[in-house]
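One structure is given here, and the rest of the page talks about it.
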Amino acid sequence: MRGKILAGLLVVAVLGVPAVVGGAPGPAVACPVQGGVLRFGLYRDPTGLDPHLNFGATSSSLQGNVYDTLVEYDARGNLGPGLAESWAQPQPTVYIFKLRRNVTFHDGTPLVAADVLYSFKRILDPQTKATRQKEFEDLVESTRAQGDYTVEVRLKHPSATFLDILAGRETFIVSKKWADAGGDFKKAMNGTGAFRLASYEPNVRYILERYPKAWDPACLDRVELVPILDDRARVNALRSGQADFVEYLPWQDTEFLMRERGFRVYRGFEVFNMIRLNPTRPPLTNPKVRQALNFAINRETVSLTAFGGQAQLMDGFLLRKDAWAYNPETSKVWKYDPQRALALLKEAGVMRPGDLHLVLESANLTVHLDTAQVVATMLRSFGATVDLKINDVATLFQKRVTGDFMMMMDGLSLPWADPDFYYRYFHSTGTAYAAAVKFKDERLDQLLEEGQRITDRTKRKAIYADAERALFQEAPWIFIVWRPQAEAARSAVKGYVRLPGGLGAFSVGYFNHIWIEK
Amino acid sequence: MPSSTLASGTASAPAGWAGRRRVRRLQLLVPLAVVGGVAALAAFAPLLTPYGAETIDPLLRMALPSPAHLLGTDEFGRDILSRVAYGARITLLVSVASIGLAVCVGTLLGSAAAFFGGAIDLLVMRIADGLLSFPPILLAIYVITFLGPSVVNVILVIALLYIPRFARVAHAATLSVRETEYVQAAQAQGARPARILRRAVLPNIAAPLFVQASLGLGHAILLESGLSFLGLGAPPPAPSWGRMIEQSSRFMTLSVWPVVWPASIVSGTVLAFNLLGDALRDWLDPRLRGSV
Amino acid sequence: MKRYLVKRLLSAAVLLWLVGSVVFFSVYLLPGDPAQIILGGLDAHPSPDQLQRVREQLGLSRPVLVQYLGWAGGLVQGNLGRSLISGRAVTDDLSVRLLRTLQLIVPAAVLSTALGVTAGVHAARARSTFMDPLVSGITLLGFSVPVFVIGPILVSIFTLWLKLLPPGGYVGPGESPGGFAVHLVLPATALAAAPMATAMRMTRSSVLEQLSLDYVRTARSKGLAESRVVGQHVLRNALLPVLTVLGLQVGAMFAGSVLVETIFNWPGMNLFLLQALGQRDYPIIQAVVLIAAAIFIGTNALIDVTYAVIDPRIRYG
């Protein structure tokens, strides 16, 4: 009996290995059906073609199919080879990447080490305005080519997230020759990916065509990306057959399409809704008040009303159950407890909830606004006065960057899978939250800095558990829900794999291994 | 449905002068009754149901009409009847305030410009032309993007759009009386301009103003709900009808009722105002029948 | 005559310049910063120096007056600037998008005028039957039901239930005339609803007025066939004010097209402006508003001049 189980496990392990060592999501197998055109409904316009600027998931849909990174995530969410077929780390701060051979850019030029060096240089150059400029500046000390197919990168200090950054959506490898010859990254795309950008009109249509000489060629002949900003129009496009695949499915249509024949829904929960709190604005200056707010709201109600019951409640912080650093003790702390909220308020010197005068800013986006409305209503029935202010995205953004708010509704997705993401939010220099509102906790700063440098997983797990305890005390946000993110396609569209956990956002709009059944 | 009264003197009404008068009265009274009904809805909103416009009942979302919820509930579990009633407040407030403001300011500016003439006239009318040279909703969107969405801002924007129209009407009317003997005599006697305007001009323009105002009310409601639809109107949770339609139309695959109710009432109210405008025109000034 | 023409055109030009300048300066009052959008919008978290660098690169840190002069200078040469976000020349994109809006508005205007006038004439002629109030009632609904209710109703019927027409989107007539027509039907109908009602009502009252005039009775008593009376004399006289309305309708259609383009995802000039507003892409905002105003002002000037040609009294008024 045991022998059979072991044999079974062995078989699974052997079959599973190719998936891990393979390339991008899904192994590079022969296509069951070669050819076909996929019409994809985007949620927003990709806005920018520059591979080193991140305009959000939608622009990644475009760039991720045309360009490649050195390392990529596989279907299980593990880091695997991309343009680098292997790498070594002889010292904690030294990485040696061996590039794949016979890879060409869409203009025919072969990929060589000089291109990788140039890509790094471009990201570091302030003129480029690269999204990862700061990370690279902090991390990368030098790069060197050893021959045409080997690149050595030296870091300023050890980093647990360097490879995650390289697998990200803004560190694509570009062609030095093309750039030198005057190629304009804002107007055209020249990558190593399975598709090349054949033509486009901003805000209207982007046509991707199969690149036959790709190192990981596609099954489809063509992909047409069409931005459809209106949710209903996008869903109607799928339902009427005008589109084969749409992203950012509103939750109410998710329920409906799941029941309809002929469609398939793919769903993940990698985006979370939370409310940023400004610790410099009374009454939020006292952490107990901020904690009280977290206990005063019923996350179940938010999920039911704003997401049709489809959201996952955020009873802790940003580490999800499937994360290796997940600690059940520190990650399960929030619940709906109005009594506790009242007690905390009293400890903070707020005798009655009616003494709380709150101002909540929100963007005019349904996925934010619905949650904001529900939270505002709940806090009002708790007794506080809440002034809900609606802003358009550009205005909200400005307030966010200048810290000009008391409470701000927001929705974010994690930049990578490693818990180091806490740094960019909660370290006092973190541009994603703390810096703008001058949030600072000395102990937390120390913990996050340590977590960034150490590579031993056991130690880091303990560090981040401590960090979460500190976050509980400080309660810089109201942590609400992980909201459902879904795509839907006609049943004939196959081969789409959603990356697990927080990486789901990376898999949206990735057409490499999609094929269409006849 | 007042369809039989749309054309003055139809076959269904008895011929002769008395019959015309009766039809005309119906033409006026029916839409007036509808508008009155909406106003009553707005005024008595708190008394209609035990719920407010905001009360969320997460377990009873998208419910069909029932004794507890006469029009059912929306996607958040809020009672639709309450929201429609409170929404009537917003609609009536915005339309009456904006058009009222536009009438007052527009008449003042237009008649003053025509009366004083010269540089003032040129400046005021050129600005009016400038404002009229924008597609209205684009101008509204533009200004709201500046000021931020709120009831007051929507009132201001709609007023801004209509001031030039009323100014033009007042301007033309004032021009036509400025040269009359009555006015010239009054001026010679040293009477104050305000008094002259009030006594000579106002009676002259009252009729066309009334008609324009009534039609303007209908347009203002459409404009307000259009802005709400685009997310630029009164911010949530204010139950503006346009926003209700926009939000509920996302859920049409699950239930159409949350859309049907606000859509019907906004169409009905605008229809009533339009009919009222027609009736007023027929009643006050048959000469105007040729214009729209 | 020439003096009037010159005066009228000059005042149109001055007005346009004023409007353009107001718009130019007003964009700087908008809250929000295009530099932030360029660096990635809501999903990015740039540092203050990154933002400052971008502003400098875009020329946004120069004094506003200097930027204005640059813009005005470019304008004279027909250069509307470059998008802050994409770097593309505004003129290129704007002309394409304007064409698309016109491809929507002109068929809608033709539809609304043709149907409206026909309905109006019939309603006037069928005055004493039930047809008149019936047609009036239906068209009044077109006038009163908001376009964002009409649109989804059309989509529900023709797309989701009957599966005959697409729910939105655009296909160029050059690419596929059939595809263009099919995508045009629903948005044009939604857009034409209200103007058609206006045209119908105007025509009806205009025809009614003519029908009651003396010369009609005279013609009838002379024994002329009814259709000749109506066709030749009445219509001709009745249509003059209707033509004015047609001009106004095009203006009104620009307004309605904002909602129609949104609902049906028709990539015209309105959506172009809305997107640019959301992204604070100043050059596009300035250019689109300027062009829209130019069309309006130009149309009004044209109408005035046409009237002056027809009616000499106006020239001297």
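Note on naming: chains are A, B, ... as they come in the structure tokens, residues start from 1 per chain, ligands start from 1 in the order shown.
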**Asked** Near region 105-121 of chain B, counting only C-alpha atoms, which residues have an atom at most 12 Å away, once you skip same-chain residues fewer than 6 positions from it, shown as a VMD selection string?
**Response** chain B and resid 97 to 99 127 to 129 156 159 to 179 183 to 184 187 192 to 198 200 to 202 204 to 206 208 to 210 213
**Request:** For region 161-177 of chain C, work out the shell of residues within 6 Å, counting only C-alpha atoms and skipping chain neighbours fewer than 6 positions away, then give it as a ChimeraX atom specification.
**Result:** /C:155,264-266
**Message:** Need the shell around region 68-77 of chain B: protein/DNA/RNA residues with any atom at most 6 Å away, counting only C-alpha atoms. Skip same-chain ones fewer than 4 positions apart. Format as a VMD selection string?
**Reply:** (chain A and resid 305) or (chain B and resid 56 to 58 60 to 64 81 258)
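As for CA of Ala181 (chain A) and CA of Leu80 (chain C), they are spaced 28.4 Å apart.
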Given only C-alpha atoms, how would the per-residue table for chain A near chain C read, listing every residue at most 9 Å away with its closest atom pair and distance in Å to one decimal, sorted by chain and number, as CSV?
residue,atom,partner,partner_atom,distance
A:Thr47,CA,C:Ser86,CA,6.9
A:Gly48,CA,C:Ser86,CA,6.5
A:Leu49,CA,C:Ser86,CA,8.5
A:Leu53,CA,C:Gly40,CA,6.9
A:Asn54,CA,C:Gly40,CA,5.6
A:Phe55,CA,C:Gly40,CA,4.3
A:Gly56,CA,C:Asp43,CA,5.6
A:Ala57,CA,C:Asp43,CA,8.6
A:Pro126,CA,C:Gln50,CA,7.8
A:Gln127,CA,C:Arg53,CA,8.0
A:Lys129,CA,C:Gln50,CA,6.9
A:Ala130,CA,C:Leu39,CA,8.0
A:Thr131,CA,C:Leu39,CA,7.2
A:Lys134,CA,C:Ser47,CA,8.7
A:Lys186,CA,C:Ser86,CA,6.9
A:Lys187,CA,C:Ser86,CA,7.9
A:Glu201,CA,C:Asp93,CA,8.7
A:Pro202,CA,C:Ser86,CA,8.4
A:Asn203,CA,C:Pro267,CA,7.6
A:Val204,CA,C:Pro267,CA,6.5
A:Val226,CA,C:Gly169,CA,9.0
A:Pro227,CA,C:Asn265,CA,8.9
A:Ile228,CA,C:Asn265,CA,6.5
A:Leu229,CA,C:Asn265,CA,7.6
A:Asp230,CA,C:Ile263,CA,7.0
A:Arg232,CA,C:Ile263,CA,8.4
A:Ala233,CA,C:Pro167,CA,6.6
A:Arg234,CA,C:Pro167,CA,8.9
A:Asn236,CA,C:Pro167,CA,6.1
A:Ala237,CA,C:Pro167,CA,6.3
A:Arg239,CA,C:Leu160,CA,7.6
A:Ser240,CA,C:Thr159,CA,6.6
A:Gly241,CA,C:Pro166,CA,8.4
A:Gln242,CA,C:Pro166,CA,6.9
A:Asp392,CA,C:Gly278,CA,7.1
A:Val393,CA,C:Gly278,CA,6.9
A:Ala394,CA,C:Gly32,CA,4.9
A:Thr395,CA,C:Gly32,CA,4.4
A:Leu396,CA,C:Gly32,CA,7.6
A:Phe397,CA,C:Leu42,CA,6.4
A:Gln398,CA,C:Gly32,CA,5.2
A:Lys399,CA,C:Gly32,CA,8.1
A:Val401,CA,C:His45,CA,7.9
A:Asp410,CA,C:Leu42,CA,9.0
A:Gly411,CA,C:Asp43,CA,8.9
A:Leu412,CA,C:Asp43,CA,7.1
A:Ser413,CA,C:Asp43,CA,8.3
A:Gly430,CA,C:His45,CA,9.0
A:Thr431,CA,C:His45,CA,5.6
A:Ala432,CA,C:His45,CA,5.1
A:Tyr433,CA,C:His45,CA,8.3
Produce a file of the selected residues containing N, CA and C atoms, as a compact mmCIF listing (two decimals), in the first residue's frame.
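Produced file selection-v5.txt, reproduced below:
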# COMPACT_ATOMS: atom_id res chain seq x y z
N THR A 47 -2.51 53.05 -22.25
CA THR A 47 -1.91 54.36 -22.02
C THR A 47 -0.48 54.50 -22.49
N GLY A 48 0.36 53.55 -22.12
CA GLY A 48 1.76 53.74 -22.49
C GLY A 48 2.37 52.49 -23.05
N LEU A 49 3.25 52.66 -24.02
CA LEU A 49 3.93 51.52 -24.62
C LEU A 49 5.28 51.27 -23.98
N LEU A 53 7.65 51.63 -17.78
CA LEU A 53 6.68 52.41 -17.03
C LEU A 53 5.44 51.57 -16.81
N ASN A 54 5.00 51.51 -15.57
CA ASN A 54 3.83 50.69 -15.26
C ASN A 54 2.59 51.56 -15.19
N PHE A 55 1.64 51.32 -16.06
CA PHE A 55 0.37 52.03 -16.00
C PHE A 55 -0.71 51.13 -15.47
N GLY A 56 -0.35 50.13 -14.74
CA GLY A 56 -1.37 49.27 -14.18
C GLY A 56 -1.51 48.00 -14.98
N ALA A 57 -2.36 47.16 -14.50
CA ALA A 57 -2.48 45.82 -15.07
C ALA A 57 -2.79 45.86 -16.55
N PRO A 126 17.25 58.58 -14.73
CA PRO A 126 16.09 59.37 -14.30
C PRO A 126 15.25 59.89 -15.47
N GLN A 127 15.87 60.09 -16.62
CA GLN A 127 15.13 60.59 -17.78
C GLN A 127 14.00 59.65 -18.20
N LYS A 129 12.07 57.92 -16.31
CA LYS A 129 10.95 57.94 -15.37
C LYS A 129 10.46 56.53 -15.10
N ALA A 130 11.38 55.56 -15.06
CA ALA A 130 10.98 54.17 -14.89
C ALA A 130 10.34 53.96 -13.52
N THR A 131 9.32 53.09 -13.50
CA THR A 131 8.62 52.82 -12.25
C THR A 131 9.54 52.21 -11.21
N LYS A 134 13.69 53.73 -8.49
CA LYS A 134 14.16 53.84 -7.11
C LYS A 134 14.67 52.50 -6.59
N LYS A 186 8.12 55.05 -26.76
CA LYS A 186 6.77 55.52 -26.51
C LYS A 186 5.87 55.30 -27.72
N LYS A 187 6.45 55.13 -28.88
CA LYS A 187 5.62 55.05 -30.07
C LYS A 187 5.61 53.66 -30.68
N GLU A 201 -4.17 52.16 -32.30
CA GLU A 201 -4.69 53.52 -32.20
C GLU A 201 -5.05 53.73 -30.73
N PRO A 202 -4.47 54.71 -30.08
CA PRO A 202 -4.68 54.86 -28.64
C PRO A 202 -6.16 54.98 -28.32
N ASN A 203 -6.55 54.34 -27.26
CA ASN A 203 -7.93 54.34 -26.76
C ASN A 203 -8.90 53.61 -27.68
N VAL A 204 -8.39 53.04 -28.76
CA VAL A 204 -9.34 52.38 -29.66
C VAL A 204 -9.01 50.91 -29.88
N VAL A 226 -9.09 45.72 -27.26
CA VAL A 226 -9.97 46.88 -27.39
C VAL A 226 -10.32 47.41 -26.01
N PRO A 227 -9.96 48.65 -25.69
CA PRO A 227 -10.37 49.19 -24.40
C PRO A 227 -11.87 49.51 -24.42
N ILE A 228 -12.58 48.93 -23.45
CA ILE A 228 -14.01 49.24 -23.29
C ILE A 228 -14.19 49.69 -21.86
N LEU A 229 -14.28 51.01 -21.68
CA LEU A 229 -14.25 51.55 -20.34
C LEU A 229 -15.51 51.27 -19.55
N ASP A 230 -16.65 51.26 -20.23
CA ASP A 230 -17.91 51.07 -19.53
C ASP A 230 -18.10 49.60 -19.22
N ARG A 232 -20.67 47.79 -18.41
CA ARG A 232 -21.77 47.09 -19.09
C ARG A 232 -21.42 46.79 -20.54
N ALA A 233 -20.82 47.81 -21.18
CA ALA A 233 -20.47 47.62 -22.60
C ALA A 233 -19.49 46.47 -22.75
N ARG A 234 -18.56 46.34 -21.78
CA ARG A 234 -17.57 45.29 -21.86
C ARG A 234 -18.21 43.92 -21.72
N ASN A 236 -21.36 43.23 -22.22
CA ASN A 236 -22.22 43.01 -23.38
C ASN A 236 -21.41 42.57 -24.59
N ALA A 237 -20.19 43.09 -24.70
CA ALA A 237 -19.35 42.68 -25.83
C ALA A 237 -19.08 41.19 -25.76
N ARG A 239 -20.99 38.93 -24.12
CA ARG A 239 -22.23 38.20 -24.26
C ARG A 239 -22.73 38.17 -25.69
N SER A 240 -22.46 39.23 -26.43
CA SER A 240 -22.98 39.28 -27.80
C SER A 240 -22.01 38.67 -28.79
N GLY A 241 -20.87 38.22 -28.31
CA GLY A 241 -19.92 37.58 -29.20
C GLY A 241 -18.97 38.55 -29.86
N GLN A 242 -19.05 39.81 -29.46
CA GLN A 242 -18.15 40.78 -30.07
C GLN A 242 -16.73 40.62 -29.53
N ASP A 392 -12.47 62.76 -8.69
CA ASP A 392 -12.09 61.96 -9.84
C ASP A 392 -10.65 61.48 -9.60
N VAL A 393 -10.22 60.54 -10.40
CA VAL A 393 -8.97 59.83 -10.11
C VAL A 393 -7.79 60.77 -9.99
N ALA A 394 -7.70 61.73 -10.91
CA ALA A 394 -6.53 62.62 -10.89
C ALA A 394 -6.48 63.43 -9.59
N THR A 395 -7.65 63.92 -9.16
CA THR A 395 -7.69 64.71 -7.93
C THR A 395 -7.34 63.85 -6.73
N LEU A 396 -7.89 62.64 -6.70
CA LEU A 396 -7.60 61.74 -5.59
C LEU A 396 -6.12 61.46 -5.52
N PHE A 397 -5.53 61.23 -6.67
CA PHE A 397 -4.13 60.92 -6.74
C PHE A 397 -3.32 62.06 -6.12
N GLN A 398 -3.71 63.28 -6.46
CA GLN A 398 -2.97 64.42 -5.93
C GLN A 398 -3.06 64.44 -4.41
N LYS A 399 -4.26 64.22 -3.90
CA LYS A 399 -4.43 64.24 -2.45
C LYS A 399 -3.61 63.13 -1.82
N VAL A 401 -0.79 61.79 -2.90
CA VAL A 401 0.64 62.07 -2.92
C VAL A 401 1.01 63.16 -1.93
N ASP A 410 -9.02 53.20 -0.90
CA ASP A 410 -8.08 52.83 -1.95
C ASP A 410 -8.14 51.33 -2.20
N GLY A 411 -7.61 50.93 -3.34
CA GLY A 411 -7.54 49.51 -3.68
C GLY A 411 -6.19 49.25 -4.29
N LEU A 412 -5.49 48.28 -3.76
CA LEU A 412 -4.12 48.03 -4.24
C LEU A 412 -3.91 46.56 -4.50
N SER A 413 -2.94 46.27 -5.33
CA SER A 413 -2.50 44.88 -5.43
C SER A 413 -1.04 44.84 -5.05
N GLY A 430 8.42 54.90 2.92
CA GLY A 430 7.64 54.22 1.88
C GLY A 430 6.80 55.18 1.06
N THR A 431 7.02 55.21 -0.24
CA THR A 431 6.29 56.14 -1.08
C THR A 431 4.85 55.69 -1.30
N ALA A 432 4.56 54.43 -0.99
CA ALA A 432 3.21 53.97 -1.27
C ALA A 432 2.22 54.33 -0.18
N TYR A 433 2.66 54.83 0.93
CA TYR A 433 1.76 55.30 1.97
C TYR A 433 2.44 56.19 3.00
**Message:** Taking 2 positions as the minimum chain separation for residues in the same chain, which residues sit within 6 Å of Val140 (chain A) when counting only C-alpha atoms? Answer as a ChimeraX atom specification.
**Reply:** /A:136-137,142,155-156
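Nearest to chain B of all the residues A:Ala434, A:Leu471, A:Arg498, A:Asp231 is A:Asp231, counting only C-alpha atoms.
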**Request:** Just need the residues of chain A within 10 Å of chain B, counting only C-alpha atoms, so spit them out as a VMD selection string.
**Result:** chain A and resid 230 to 233 235 250 to 253 255 to 257 300 to 309 364 to 366 369 to 370 372 to 374 376 to 378 381 388 to 392 395
**Request:** Determine which residues of region 140-365 of chain A receive a DSSP assignment of alpha helix (DSSP H), computed from the backbone, and state them as a ChimeraX atom specification.
**Result:** /A:162-166,176-180,231-239,251-259,287-296,299-307,338-347
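The residue set within 12 Å of Asp456 (chain A), counting only C-alpha atoms and dropping same-chain residues fewer than 5 places from it, reads A:Pro92, A:Pro158, A:Ser159, A:Ala160, A:Ala325, A:Glu450, A:Gly451, A:Lys461, A:Ala462, A:Ile463.
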**Prompt:** Which polymer residues have any atom within 7 Å of an atom of region 286-295 of chain A, counting only C-alpha atoms, with same-chain residues fewer than 2 positions away left out, as number ranges by chain?
**Reply:** A: 283-284, 297, 334-338, 340-341, 344-345, 348, 473-476, 478-479
Restrict the calculation to only C-alpha atoms, then for each residue of chain C with any atom at most 6 Å from an atom of chain B give the closest atom pair and their distance in Å to one decimal, rows by chain and rising residue number, as a tab-separated table.
residue	atom	partner	partner_atom	distance
C:Leu30	CA	B:Phe146	CA	5.2
C:Ser128	CA	B:Ala11	CA	5.1
C:Pro133	CA	B:Leu6	CA	5.7
C:Gly137	CA	B:Ser3	CA	5.8
C:Ser144	CA	B:Leu271	CA	5.1
C:Val145	CA	B:Ser267	CA	4.6
C:Ser205	CA	B:Gly290	CA	5.6
C:Ser206	CA	B:Gly290	CA	5.8
C:Ala255	CA	B:Pro135	CA	5.1
C:Ala293	CA	B:Phe134	CA	5.4
C:Phe296	CA	B:Ser133	CA	5.4
C:Ile297	CA	B:Ser133	CA	5.8
Store the residues picked out above in a file with N, CA and C atoms, as a CSV table (one decimal), in the first residue's frame.
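As written to disk, part-v3.csv reads:
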chain,number,residue,atom,x,y,z
C,30,LEU,N,-7.4,73.2,-12.8
C,30,LEU,CA,-8.0,71.8,-12.4
C,30,LEU,C,-7.1,71.2,-11.3
C,128,SER,N,-57.2,65.9,-37.6
C,128,SER,CA,-58.4,65.6,-36.9
C,128,SER,C,-58.6,64.2,-36.6
C,133,PRO,N,-52.4,63.0,-32.4
C,133,PRO,CA,-51.9,62.9,-31.0
C,133,PRO,C,-51.0,61.7,-30.7
C,137,GLY,N,-47.5,62.0,-29.3
C,137,GLY,CA,-47.2,61.4,-28.0
C,137,GLY,C,-45.9,60.6,-28.0
C,144,SER,N,-38.5,63.3,-23.9
C,144,SER,CA,-38.5,63.3,-22.5
C,144,SER,C,-37.7,62.1,-21.8
C,145,VAL,N,-37.6,61.0,-22.5
C,145,VAL,CA,-36.9,59.9,-21.9
C,145,VAL,C,-35.4,60.2,-22.1
C,205,SER,N,-46.1,72.3,-36.3
C,205,SER,CA,-46.7,73.6,-36.1
C,205,SER,C,-46.5,74.5,-37.2
C,206,SER,N,-45.4,74.4,-37.9
C,206,SER,CA,-45.1,75.3,-39.0
C,206,SER,C,-46.1,75.0,-40.1
C,255,ALA,N,-24.1,67.7,-27.9
C,255,ALA,CA,-24.3,67.5,-26.5
C,255,ALA,C,-24.7,66.1,-26.2
C,293,ALA,N,-15.9,74.5,-29.8
C,293,ALA,CA,-16.4,75.9,-29.8
C,293,ALA,C,-16.3,76.5,-31.2
C,296,PHE,N,-19.2,75.3,-33.2
C,296,PHE,CA,-20.4,76.0,-32.8
C,296,PHE,C,-20.5,77.4,-33.3
C,297,ILE,N,-19.4,78.1,-33.0
C,297,ILE,CA,-19.3,79.6,-33.4
C,297,ILE,C,-19.4,79.7,-34.9
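For Thr189 (chain C), the set of protein, DNA and RNA residues having any atom at most 7 Å away, when counting only C-alpha atoms and skipping those fewer than 4 positions along the same chain, is C:Ala108, C:Val185, C:Ala193.
What separates CA of Lys494 (chain A) from CA of Glu517 (chain A) is a distance of 7.1 Å.
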**Message:** Considering only strand (DSSP E or B) as DSSP defines it on the backbone, what residues of region 281-375 of chain A qualify? List them as a VMD selection string.
**Reply:** chain A and resid 312 to 313 357 to 363
Could you save the residues just selected, with N, CA and C atoms, as a PDB file, in the first residue's frame?
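Contents of part06.pdb, freshly written:
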ATOM      1  N   GLN A 312     -13.276  38.301  -0.005  1.00  0.00           N
ATOM      2  CA  GLN A 312     -12.700  37.599   1.138  1.00  0.00           C
ATOM      3  C   GLN A 312     -12.392  38.626   2.213  1.00  0.00           C
ATOM      4  N   LEU A 313     -12.850  38.338   3.420  1.00  0.00           N
ATOM      5  CA  LEU A 313     -12.682  39.325   4.485  1.00  0.00           C
ATOM      6  C   LEU A 313     -11.221  39.455   4.867  1.00  0.00           C
ATOM      7  N   HIS A 357     -15.590  63.207  14.108  1.00  0.00           N
ATOM      8  CA  HIS A 357     -15.987  63.824  12.853  1.00  0.00           C
ATOM      9  C   HIS A 357     -14.989  63.395  11.793  1.00  0.00           C
ATOM     10  N   LEU A 358     -15.458  62.553  10.886  1.00  0.00           N
ATOM     11  CA  LEU A 358     -14.539  61.949   9.933  1.00  0.00           C
ATOM     12  C   LEU A 358     -14.820  62.425   8.514  1.00  0.00           C
ATOM     13  N   VAL A 359     -13.763  62.497   7.733  1.00  0.00           N
ATOM     14  CA  VAL A 359     -13.897  62.849   6.321  1.00  0.00           C
ATOM     15  C   VAL A 359     -13.269  61.737   5.500  1.00  0.00           C
ATOM     16  N   LEU A 360     -14.068  61.105   4.660  1.00  0.00           N
ATOM     17  CA  LEU A 360     -13.584  59.977   3.860  1.00  0.00           C
ATOM     18  C   LEU A 360     -13.558  60.374   2.389  1.00  0.00           C
ATOM     19  N   GLU A 361     -12.363  60.299   1.794  1.00  0.00           N
ATOM     20  CA  GLU A 361     -12.249  60.615   0.370  1.00  0.00           C
ATOM     21  C   GLU A 361     -12.299  59.326  -0.428  1.00  0.00           C
ATOM     22  N   SER A 362     -12.945  59.393  -1.574  1.00  0.00           N
ATOM     23  CA  SER A 362     -12.954  58.214  -2.424  1.00  0.00           C
ATOM     24  C   SER A 362     -12.874  58.635  -3.877  1.00  0.00           C
ATOM     25  N   ALA A 363     -12.342  57.746  -4.706  1.00  0.00           N
ATOM     26  CA  ALA A 363     -12.353  58.003  -6.142  1.00  0.00           C
ATOM     27  C   ALA A 363     -13.706  57.609  -6.680  1.00  0.00           C
TER      28      ALA A 363
END
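For the set A:Leu139, A:Ile275, A:Leu208, A:Ala75, the residue with the smallest atom-to-atom gap to Ser61 (chain A) is A:Leu208, counting only C-alpha atoms.
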